[in-house]
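Q: Contents are TSV, C-alpha atoms; file name run-v2.tsv:
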chain	number	residue	atom	x	y	z
A	156	MET	CA	-40.18	61.40	26.20
A	157	LEU	CA	-37.97	61.45	29.29
A	158	LYS	CA	-40.42	63.75	31.06
A	159	LYS	CA	-43.24	61.32	30.31
A	160	ILE	CA	-41.26	58.39	31.74
A	161	VAL	CA	-40.49	60.34	34.93
A	162	ASN	CA	-44.19	61.20	35.35
A	163	ARG	CA	-45.13	57.57	34.86
A	164	LEU	CA	-42.54	56.49	37.45
A	165	ILE	CA	-44.07	58.89	39.99
A	166	GLN	CA	-47.51	57.45	39.21
A	167	CYS	CA	-46.09	53.94	39.66
A	168	ILE	CA	-44.78	54.77	43.13
A	169	LEU	CA	-48.12	56.28	44.20
A	170	THR	CA	-49.96	53.26	42.79
A	171	LEU	CA	-47.77	50.83	44.71
A	172	PHE	CA	-48.29	52.80	47.92
A	173	ILE	CA	-52.09	52.74	47.52
A	174	VAL	CA	-52.02	49.03	46.67
A	175	SER	CA	-49.90	48.28	49.73
A	176	VAL	CA	-52.31	50.16	52.04
A	177	LEU	CA	-55.39	48.44	50.61
A	178	CYS	CA	-53.84	44.97	50.59
A	179	PHE	CA	-52.53	45.32	54.14
A	180	ALA	CA	-55.91	46.54	55.40
A	181	LEU	CA	-57.80	43.75	53.61
A	182	THR	CA	-55.36	41.14	54.88
A	183	LYS	CA	-55.80	42.30	58.46
A	184	ALA	CA	-59.57	42.51	58.07
A	185	ALA	CA	-59.82	38.93	56.79
A	186	PRO	CA	-61.25	36.37	59.23
A	187	GLY	CA	-58.86	33.99	60.97
A	188	ASP	CA	-55.97	34.18	63.38
A	189	PRO	CA	-52.43	33.22	62.27
A	190	VAL	CA	-51.51	32.42	65.88
A	191	LEU	CA	-53.84	29.41	65.73
A	192	THR	CA	-51.24	27.77	63.47
A	193	TYR	CA	-48.90	27.53	66.47
A	194	VAL	CA	-51.47	26.72	69.16
A	195	GLU	CA	-51.42	23.29	70.79
A	196	PRO	CA	-53.99	21.94	73.28
A	197	ASN	CA	-51.65	22.19	76.26
A	198	MET	CA	-50.74	25.87	75.71
A	199	SER	CA	-51.94	28.41	78.25
A	200	GLU	CA	-53.70	31.66	77.35
A	201	GLU	CA	-50.75	33.61	78.70
A	202	TYR	CA	-48.34	31.76	76.42
A	203	ILE	CA	-50.62	32.32	73.42
A	204	GLN	CA	-50.80	36.04	74.21
A	205	ASN	CA	-47.01	36.23	74.48
A	206	LEU	CA	-46.76	34.47	71.15
A	207	ARG	CA	-49.13	37.00	69.60
A	208	GLU	CA	-47.00	39.85	71.01
A	209	SER	CA	-43.78	38.30	69.69
A	210	LEU	CA	-45.32	38.26	66.20
A	211	GLY	CA	-46.25	41.93	66.53
A	212	LEU	CA	-49.97	41.23	66.17
A	213	THR	CA	-51.05	43.18	69.27
A	214	LYS	CA	-49.91	46.56	67.96
A	215	PRO	CA	-52.34	48.92	66.20
A	216	VAL	CA	-52.86	48.12	62.52
A	217	TYR	CA	-51.38	51.42	61.33
A	218	GLU	CA	-48.24	50.80	63.40
A	219	GLN	CA	-47.94	47.29	62.01
A	220	TYR	CA	-48.24	48.73	58.50
A	221	PHE	CA	-45.48	51.31	58.91
A	222	LEU	CA	-43.18	48.73	60.51
A	223	TRP	CA	-43.84	46.43	57.55
A	224	LEU	CA	-43.33	49.28	55.06
A	225	GLY	CA	-40.02	50.23	56.66
A	226	ARG	CA	-38.75	46.68	56.31
A	227	ILE	CA	-39.93	46.50	52.68
A	228	LEU	CA	-38.07	49.70	51.78
A	229	HIS	CA	-34.89	48.06	53.09
A	230	GLY	CA	-35.52	44.91	51.03
A	231	ASN	CA	-36.71	42.86	54.00
A	232	PHE	CA	-40.02	41.11	53.29
A	233	GLY	CA	-40.10	39.60	56.76
A	234	ASN	CA	-40.38	35.97	57.83
A	235	SER	CA	-43.17	33.54	57.10
A	236	LEU	CA	-45.50	32.71	59.98
A	237	MET	CA	-45.70	29.10	58.77
A	238	ASN	CA	-42.04	28.16	58.97
A	239	ASN	CA	-40.23	31.33	60.10
A	240	ARG	CA	-38.23	31.34	56.86
A	241	PRO	CA	-37.60	34.63	54.97
A	242	VAL	CA	-40.45	35.44	52.61
A	243	LEU	CA	-38.11	36.60	49.85
A	244	THR	CA	-36.13	33.34	50.02
A	245	GLN	CA	-39.27	31.25	49.59
A	246	MET	CA	-40.44	33.38	46.67
A	247	LEU	CA	-37.08	33.13	44.92
A	248	GLU	CA	-37.10	29.35	45.41
A	249	ARG	CA	-40.45	29.06	43.66
A	250	LEU	CA	-39.76	31.71	41.02
A	251	PRO	CA	-37.83	29.54	38.48
A	252	ALA	CA	-40.62	26.95	38.27
A	253	THR	CA	-43.25	29.61	37.57
A	254	VAL	CA	-41.09	31.52	35.08
A	255	ILE	CA	-40.30	28.32	33.15
A	256	LEU	CA	-43.95	27.31	32.91
A	257	MET	CA	-45.47	30.74	32.27
A	258	GLY	CA	-42.66	31.96	30.01
A	259	THR	CA	-42.89	28.89	27.79
A	260	SER	CA	-46.68	29.04	27.53
A	261	MET	CA	-46.67	32.78	26.78
A	262	LEU	CA	-43.99	32.40	24.11
A	263	LEU	CA	-45.77	29.49	22.41
A	264	GLY	CA	-49.09	31.32	22.60
A	265	PHE	CA	-47.54	34.44	21.07
A	266	LEU	CA	-45.91	32.52	18.19
A	267	ILE	CA	-49.16	30.70	17.42
A	268	ALA	CA	-51.06	34.00	17.56
A	269	ILE	CA	-48.72	35.68	15.07
A	270	VAL	CA	-49.34	33.03	12.41
A	271	LEU	CA	-53.04	32.36	12.97
A	272	GLY	CA	-53.94	35.95	13.87
A	273	LEU	CA	-52.33	37.41	10.76
A	274	TYR	CA	-53.73	34.90	8.30
A	275	SER	CA	-57.19	34.96	9.92
A	276	GLY	CA	-57.27	38.73	9.68
A	277	LYS	CA	-56.06	38.63	6.08
A	278	ASN	CA	-58.67	36.02	5.08
A	279	LYS	CA	-61.59	37.47	7.02
A	280	ASN	CA	-64.63	35.15	7.07
A	281	GLY	CA	-62.69	32.50	5.21
A	282	VAL	CA	-62.45	28.83	6.20
A	283	LEU	CA	-59.23	29.36	8.20
A	284	ASP	CA	-60.74	32.37	9.95
A	285	LYS	CA	-63.85	30.44	11.00
A	286	ILE	CA	-61.82	27.50	12.29
A	287	THR	CA	-59.50	29.82	14.17
A	288	SER	CA	-62.41	31.79	15.64
A	289	MET	CA	-63.98	28.57	16.91
A	290	PHE	CA	-60.60	27.60	18.40
A	291	CYS	CA	-60.46	30.97	20.20
A	292	TYR	CA	-64.02	30.82	21.51
A	293	VAL	CA	-63.40	27.37	22.94
A	294	GLY	CA	-60.07	28.43	24.47
A	295	ILE	CA	-61.56	31.51	26.10
A	296	SER	CA	-64.67	29.69	27.35
A	297	ILE	CA	-63.22	26.48	28.80
A	298	PRO	CA	-62.15	26.74	32.47
A	299	THR	CA	-58.46	25.94	32.78
A	300	PHE	CA	-59.01	23.65	35.76
A	301	TRP	CA	-61.52	21.53	33.79
A	302	PHE	CA	-59.24	21.31	30.76
A	303	GLY	CA	-56.33	20.33	33.01
A	304	ILE	CA	-58.33	17.62	34.77
A	305	MET	CA	-59.47	16.22	31.42
A	306	LEU	CA	-55.88	16.05	30.18
A	307	ILE	CA	-54.79	14.29	33.37
A	308	TYR	CA	-57.60	11.76	33.01
A	309	LEU	CA	-56.91	11.10	29.33
A	310	LEU	CA	-53.10	11.21	29.10
A	311	SER	CA	-52.13	10.08	32.61
A	312	VAL	CA	-54.89	7.95	34.08
A	313	HIS	CA	-56.23	6.35	30.90
A	314	LEU	CA	-53.33	6.24	28.43
A	315	HIS	CA	-50.40	6.43	30.91
A	316	ILE	CA	-48.42	8.62	28.51
A	317	LEU	CA	-47.48	11.59	30.70
A	318	PRO	CA	-46.90	12.17	34.44
A	319	SER	CA	-49.88	13.81	36.10
A	320	ILE	CA	-48.41	16.10	38.76
A	321	GLY	CA	-45.21	17.77	39.91
A	322	MET	CA	-42.20	19.18	38.12
A	323	HIS	CA	-39.90	16.15	38.36
A	324	SER	CA	-40.19	12.45	39.12
A	325	ASP	CA	-38.60	11.17	42.32
A	326	GLY	CA	-34.86	10.79	41.79
A	327	ASN	CA	-34.98	12.13	38.24
A	328	ARG	CA	-33.94	15.75	37.70
A	329	SER	CA	-33.17	15.46	33.99
A	330	PHE	CA	-34.28	17.97	31.36
A	331	GLY	CA	-36.28	15.32	29.55
A	332	ASP	CA	-38.25	14.55	32.70
A	333	LEU	CA	-38.97	18.27	33.14
A	334	ILE	CA	-40.32	18.47	29.57
A	335	LEU	CA	-42.62	15.50	30.17
A	336	HIS	CA	-44.05	17.12	33.30
A	337	MET	CA	-44.47	20.46	31.49
A	338	VAL	CA	-46.47	19.16	28.53
A	339	MET	CA	-49.94	19.20	30.10
A	340	PRO	CA	-49.80	22.39	32.22
A	341	CYS	CA	-48.05	24.19	29.37
A	342	ALA	CA	-50.70	22.98	26.90
A	343	VAL	CA	-53.50	24.29	29.14
A	344	LEU	CA	-51.91	27.74	29.50
A	345	THR	CA	-50.79	27.97	25.87
A	346	PHE	CA	-54.33	27.20	24.70
A	347	ALA	CA	-55.74	29.93	26.94
A	348	ASN	CA	-53.06	32.50	26.05
A	349	ALA	CA	-53.12	31.86	22.29
A	350	SER	CA	-56.92	32.18	22.19
A	351	GLN	CA	-56.72	35.70	23.64
A	352	TYR	CA	-53.70	36.81	21.63
A	353	ILE	CA	-55.21	35.62	18.34
A	354	ARG	CA	-58.37	37.67	18.86
A	355	TYR	CA	-56.39	40.87	19.45
A	356	LEU	CA	-54.03	40.28	16.52
A	357	ARG	CA	-56.83	39.27	14.14
A	358	SER	CA	-58.80	42.44	14.91
A	359	SER	CA	-55.74	44.64	14.40
A	360	THR	CA	-54.81	42.86	11.16
A	361	ILE	CA	-58.30	43.41	9.70
A	362	THR	CA	-57.98	47.14	10.45
A	363	GLU	CA	-54.48	47.39	8.99
A	364	MET	CA	-55.35	45.46	5.80
A	365	SER	CA	-57.75	48.25	4.83
A	366	SER	CA	-55.08	50.93	5.23
A	367	ASP	CA	-53.72	52.93	2.31
A	368	TYR	CA	-50.12	51.73	2.71
A	369	VAL	CA	-51.23	48.12	2.13
A	370	MET	CA	-52.91	49.06	-1.15
A	371	VAL	CA	-49.78	50.96	-2.18
A	372	GLN	CA	-47.57	47.94	-1.48
A	373	LYS	CA	-49.92	45.73	-3.48
A	374	ALA	CA	-49.76	48.22	-6.37
A	375	TYR	CA	-45.96	47.95	-6.27
A	376	GLY	CA	-46.33	44.19	-6.72
A	377	MET	CA	-45.14	43.15	-3.29
A	378	LYS	CA	-46.07	39.63	-2.21
A	379	GLU	CA	-48.82	39.29	0.36
A	380	SER	CA	-46.54	37.42	2.79
A	381	GLY	CA	-44.08	40.31	2.62
A	382	ILE	CA	-46.83	42.85	3.25
A	383	LEU	CA	-48.10	40.84	6.21
A	384	PHE	CA	-44.83	40.23	8.00
A	385	ARG	CA	-42.88	43.37	7.01
A	386	HIS	CA	-45.58	46.04	7.31
A	387	VAL	CA	-48.89	44.85	8.76
A	388	LEU	CA	-47.37	42.87	11.65
A	389	LYS	CA	-45.49	45.87	13.06
A	390	ASN	CA	-48.62	48.03	13.20
A	391	ALA	CA	-50.92	45.21	14.30
A	392	MET	CA	-48.60	44.51	17.22
A	393	LEU	CA	-49.44	47.79	18.97
A	394	PRO	CA	-52.52	46.46	20.84
A	395	MET	CA	-50.55	43.32	21.68
A	396	ILE	CA	-47.97	45.41	23.52
A	397	THR	CA	-50.56	46.30	26.15
A	398	VAL	CA	-51.67	42.67	26.46
A	399	LEU	CA	-48.09	41.43	26.85
A	400	GLY	CA	-47.28	44.22	29.31
A	401	MET	CA	-50.25	43.24	31.46
A	402	SER	CA	-49.14	39.60	31.22
A	403	LEU	CA	-45.71	40.35	32.70
A	404	GLN	CA	-46.94	39.80	36.25
A	405	SER	CA	-48.08	36.27	35.35
A	406	LEU	CA	-44.43	35.31	34.84
A	407	VAL	CA	-44.12	35.57	38.62
A	408	SER	CA	-47.60	35.15	40.04
A	409	GLY	CA	-48.24	32.27	37.69
A	410	ALA	CA	-51.55	30.61	36.98
A	411	ILE	CA	-52.72	29.76	40.48
A	412	ILE	CA	-55.43	27.34	39.41
A	413	THR	CA	-53.25	25.51	36.89
A	414	GLU	CA	-50.40	25.17	39.36
A	415	GLN	CA	-52.82	23.71	41.89
A	416	VAL	CA	-54.30	21.21	39.44
A	417	PHE	CA	-50.89	19.92	38.35
A	418	ALA	CA	-49.18	20.43	41.74
A	419	TRP	CA	-46.60	22.59	39.99
A	420	PRO	CA	-44.24	23.98	42.67
A	421	GLY	CA	-44.51	27.63	41.66
A	422	ILE	CA	-45.41	30.90	43.33
A	423	GLY	CA	-49.10	30.41	42.56
A	424	GLN	CA	-49.19	27.28	44.67
A	425	LEU	CA	-47.21	29.06	47.39
A	426	ALA	CA	-49.80	31.86	47.41
A	427	VAL	CA	-52.65	29.40	47.96
A	428	THR	CA	-50.78	27.76	50.82
A	429	ALA	CA	-50.12	31.19	52.39
A	430	VAL	CA	-53.81	32.11	52.23
A	431	MET	CA	-54.90	28.80	53.72
A	432	GLN	CA	-52.42	29.22	56.61
A	433	TYR	CA	-53.20	32.94	57.22
A	434	ASP	CA	-49.54	33.71	56.53
A	435	TYR	CA	-49.84	37.51	56.29
A	436	PRO	CA	-46.16	38.34	55.57
A	437	LEU	CA	-46.05	35.81	52.73
A	438	ILE	CA	-49.38	36.99	51.30
A	439	MET	CA	-48.21	40.61	51.34
A	440	GLY	CA	-44.85	39.71	49.82
A	441	ILE	CA	-46.40	37.86	46.88
A	442	THR	CA	-49.09	40.53	46.41
A	443	MET	CA	-46.64	43.43	46.35
A	444	PHE	CA	-44.19	41.61	44.09
A	445	THR	CA	-47.05	40.94	41.67
A	446	ALA	CA	-48.28	44.54	41.89
A	447	LEU	CA	-44.77	45.80	41.14
A	448	LEU	CA	-44.66	43.72	37.97
A	449	VAL	CA	-48.10	44.93	36.88
A	450	VAL	CA	-46.97	48.55	37.26
A	451	LEU	CA	-43.66	47.88	35.48
A	452	GLY	CA	-45.49	46.02	32.72
A	453	ASN	CA	-47.71	49.05	32.08
A	454	LEU	CA	-44.69	51.34	32.09
A	455	LEU	CA	-42.85	49.05	29.65
A	456	ALA	CA	-45.93	48.97	27.41
A	457	ASP	CA	-46.01	52.80	27.29
A	458	ILE	CA	-42.34	52.93	26.36
A	459	LEU	CA	-42.72	50.27	23.67
A	460	TYR	CA	-45.71	52.09	22.23
A	461	ALA	CA	-43.47	55.10	21.65
A	462	VAL	CA	-40.77	52.90	20.12
A	463	PHE	CA	-43.13	51.20	17.65
A	464	ASP	CA	-45.32	54.22	16.85
A	465	PRO	CA	-43.49	57.45	15.88
A	466	ARG	CA	-46.69	59.47	16.31
A	467	ILE	CA	-46.81	58.67	20.02
A	468	ARG	CA	-43.08	59.37	20.34
A	469	LYS	CA	-43.46	62.80	18.75
A	470	ALA	CA	-46.51	63.61	20.86
A	471	GLY	CA	-44.57	62.77	24.03
A	472	CYS	CA	-41.62	64.99	23.15
Could you quickly redo this structure as structure tokens?
A:
Amino acid sequence: MLKKIVNRLIQCILTLFIVSVLCFALTKAAPGDPVLTYVEPNMSEEYIQNLRESLGLTKPVYEQYFLWLGRILHGNFGNSLMNNRPVLTQMLERLPATVILMGTSMLLGFLIAIVLGLYSGKNKNGVLDKITSMFCYVGISIPTFWFGIMLIYLLSVHLHILPSIGMHSDGNRSFGDLILHMVMPCAVLTFANASQYIRYLRSSTITEMSSDYVMVQKAYGMKESGILFRHVLKNAMLPMITVLGMSLQSLVSGAIITEQVFAWPGIGQLAVTAVMQYDYPLIMGITMFTALLVVLGNLLADILYAVFDPRIRKAGC
């Protein structure tokens, strides 16, 4: 098992290196000039060229990459071209807002999926299963930005029940105000997450309900609720481990579209601003941080697979 983890760590490092090369090359190849952010009408060409040199943009691309990589390895993500503030500082400032929103929506979606996914799988083609399937199809099909706009129109513009944008009202930093601002963006993301999780869990539950150990437990007279939550759930959770591992990066990167619709001050909104301003250091910082979490999520999923499934653990030994 330890050997397998070490091999996966080596693969993770190689993956991050390849991702960094590709992202850096694509960022530099993108149209636009970050220096134009600083340019004013009265600036001379000589001053603009000096500005470009001070930002290190006149060096060859490969040299710029290795300079950037050296700083990253020392924990220095560089400074933003927009405001000259450290990239890492700006990301850490936005991180709590994204983690609160995404963590809450993922947790709610997971809890809803456990109940509806299990009972839908147990009662295949029943009334509950058909209603739940329709719920999932709608949740997967509806664009999150459209759903968010509809909620804003209904609950904020028309009924005046909830605030439409932001994380807090002006001058109000209370927990209750935060909850009110979270309701709509969290509802949008929970709906989308639960729809996907339910489909995975339902499919796994249907497979597990036809297994021999379920029939044995029924022969022993065990209640169906006990079979579902004590035996079937553990085995049906295996495919969900991969889904949750892949979702780890969203705790940081957030839902970019949803954060834009609700003006939620998270990393997703910061990423959009960085792209619009051609802020290469900030774009690379967010991209690499997200890539790191994707790689770690996959590694964590592999480890949890071995924990939950003894067959995989024995095969890895």
Q: Counting only C-alpha atoms, which residue out of A:Leu437, A:Leu393, A:Met339, A:Ile320 sits closest to A:Gln415?
A: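 Looking at the shortest contact to A:Gln415, the residue is A:Ile320.
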Q: For each of A:Gly281, A:Pro215, A:Gly272, A:Gly331, take the minimum atom-to-atom distance to A:Met392, counting only C-alpha atoms, then give the residue where this is smallest.
A: A:Gly272
Q: Return the single residue from A:Gln245, A:Asn197, A:Thr397, A:Ser275 that is closest to A:Met289, with distances computed using only C-alpha atoms.
A: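 For A:Met289, the nearest of the given residues is A:Ser275.
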Q: Pick the closest to A:Lys183 from A:Met246, A:Met431, A:Ile458, A:Leu212: which is it, counting all atoms listed in the file?
A: A:Leu212
Q: Mind giving me the axis-aligned box for stretch 285-293 of chain A with 3 Å on every side, centre plus edges in Å to one decimal, as AutoDock Vina command-line options?
A:
--center_x -61.8 --center_y 29.6 --center_z 17.0 --size_x 10.5 --size_y 10.4 --size_z 17.9
Q: Within 7 Å of (-61.5, 41.5, 7.7) in the file's own coordinates, which protein, DNA or RNA residues have an atom, counting all atoms listed in the file? List them as number ranges by chain.
A: A: 276-279, 361
Q: Measure the distance from atom CA of A:Ser175 to atom CA of A:Pro436 in Å and round it to one decimal.
A: 12.1 Å
Q: Hey, which of A:Val161, A:Met261, A:Ile438, A:Leu266 ends up closest to A:Leu243? Count only C-alpha atoms.
A: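 Nearest candidate to A:Leu243 out of A:Val161, A:Met261, A:Ile438, A:Leu266: A:Ile438.
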Q: Would you mind reading off the distance between atom CA of A:Val398 and atom CA of A:Gly440, one decimal, in Å?
A: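 Distance between the two atoms: 24.5 Å.
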Q: What does the distance between atom CA of A:Gly233 and atom CA of A:Met439 come to in Å, to one decimal place?
A: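 For atom CA of A:Gly233 relative to atom CA of A:Met439, the distance reads 9.8 Å.
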Q: Contacts between stretch 298-313 of chain A and stretch 345-384 of chain A, please, where a residue of stretch 345-384 of chain A counts if it comes within 12 Å (with all atoms listed in the file); show its shortest atom pair and distance in Å to one decimal, rows by chain and ascending number, as a Markdown table.
A:
| residue | atom | partner | partner_atom | distance |
| --- | --- | --- | --- | --- |
| A:Thr345 | CA | A:Thr299 | CA | 10.5 |
| A:Phe346 | CA | A:Thr299 | CA | 9.2 |
| A:Ala347 | CA | A:Thr299 | CA | 7.6 |
| A:Asn348 | CA | A:Thr299 | CA | 10.8 |
Q: Would you save the residues of that selection, restricted to C-alpha atoms, as a PDB file, keeping the file's coordinate frame?
A:
ATOM      1  CA  THR A 345     -50.790  27.970  25.870  1.00  0.00           C
ATOM      2  CA  PHE A 346     -54.330  27.200  24.700  1.00  0.00           C
ATOM      3  CA  ALA A 347     -55.740  29.930  26.940  1.00  0.00           C
ATOM      4  CA  ASN A 348     -53.060  32.500  26.050  1.00  0.00           C
TER       5      ASN A 348
END
Q: I want to know what sits within 12 Å of stretch 376-379 of chain A, based on all atoms listed in the file, with residues of the same chain fewer than 4 positions away left out; could you give that as a short mmCIF file (atom, residue, chain, number, x, y, z; two decimals) with C-alpha atoms, keeping the file's coordinate frame?
A:
data_model
loop_
_atom_site.label_atom_id
_atom_site.label_comp_id
_atom_site.auth_asym_id
_atom_site.auth_seq_id
_atom_site.Cartn_x
_atom_site.Cartn_y
_atom_site.Cartn_z
CA LEU A 273 -52.33 37.41 10.76
CA TYR A 274 -53.73 34.90 8.30
CA LYS A 277 -56.06 38.63 6.08
CA ASN A 278 -58.67 36.02 5.08
CA MET A 364 -55.35 45.46 5.80
CA TYR A 368 -50.12 51.73 2.71
CA VAL A 369 -51.23 48.12 2.13
CA MET A 370 -52.91 49.06 -1.15
CA VAL A 371 -49.78 50.96 -2.18
CA GLN A 372 -47.57 47.94 -1.48
CA LEU A 383 -48.10 40.84 6.21
CA PHE A 384 -44.83 40.23 8.00
CA ARG A 385 -42.88 43.37 7.01
CA HIS A 386 -45.58 46.04 7.31
CA VAL A 387 -48.89 44.85 8.76
CA LEU A 388 -47.37 42.87 11.65
#
Q: Rank A:Ser199, A:Gln351, A:Ser260, A:Asn234 by their smallest atom-to-atom distance to A:Ala410, using only C-alpha atoms, and report the top residue only.
A: A:Ser260
Q: Which neighbours of A:Ile396 fall inside 8 Å, counting all atoms listed in the file, when residues of the same chain fewer than 4 positions from it are skipped, and could you give them as a ChimeraX atom specification?
A: /A:392,400,456,459-460
Q: Could the residues in this selection be written to a file with C-alpha atoms, as a short mmCIF file (atom, residue, chain, number, x, y, z; two decimals), in the frame of the given file?
A:
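Produced file result_34.cif, reproduced below:
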data_model
loop_
_atom_site.label_atom_id
_atom_site.label_comp_id
_atom_site.auth_asym_id
_atom_site.auth_seq_id
_atom_site.Cartn_x
_atom_site.Cartn_y
_atom_site.Cartn_z
CA MET A 392 -48.60 44.51 17.22
CA GLY A 400 -47.28 44.22 29.31
CA ALA A 456 -45.93 48.97 27.41
CA LEU A 459 -42.72 50.27 23.67
CA TYR A 460 -45.71 52.09 22.23
#
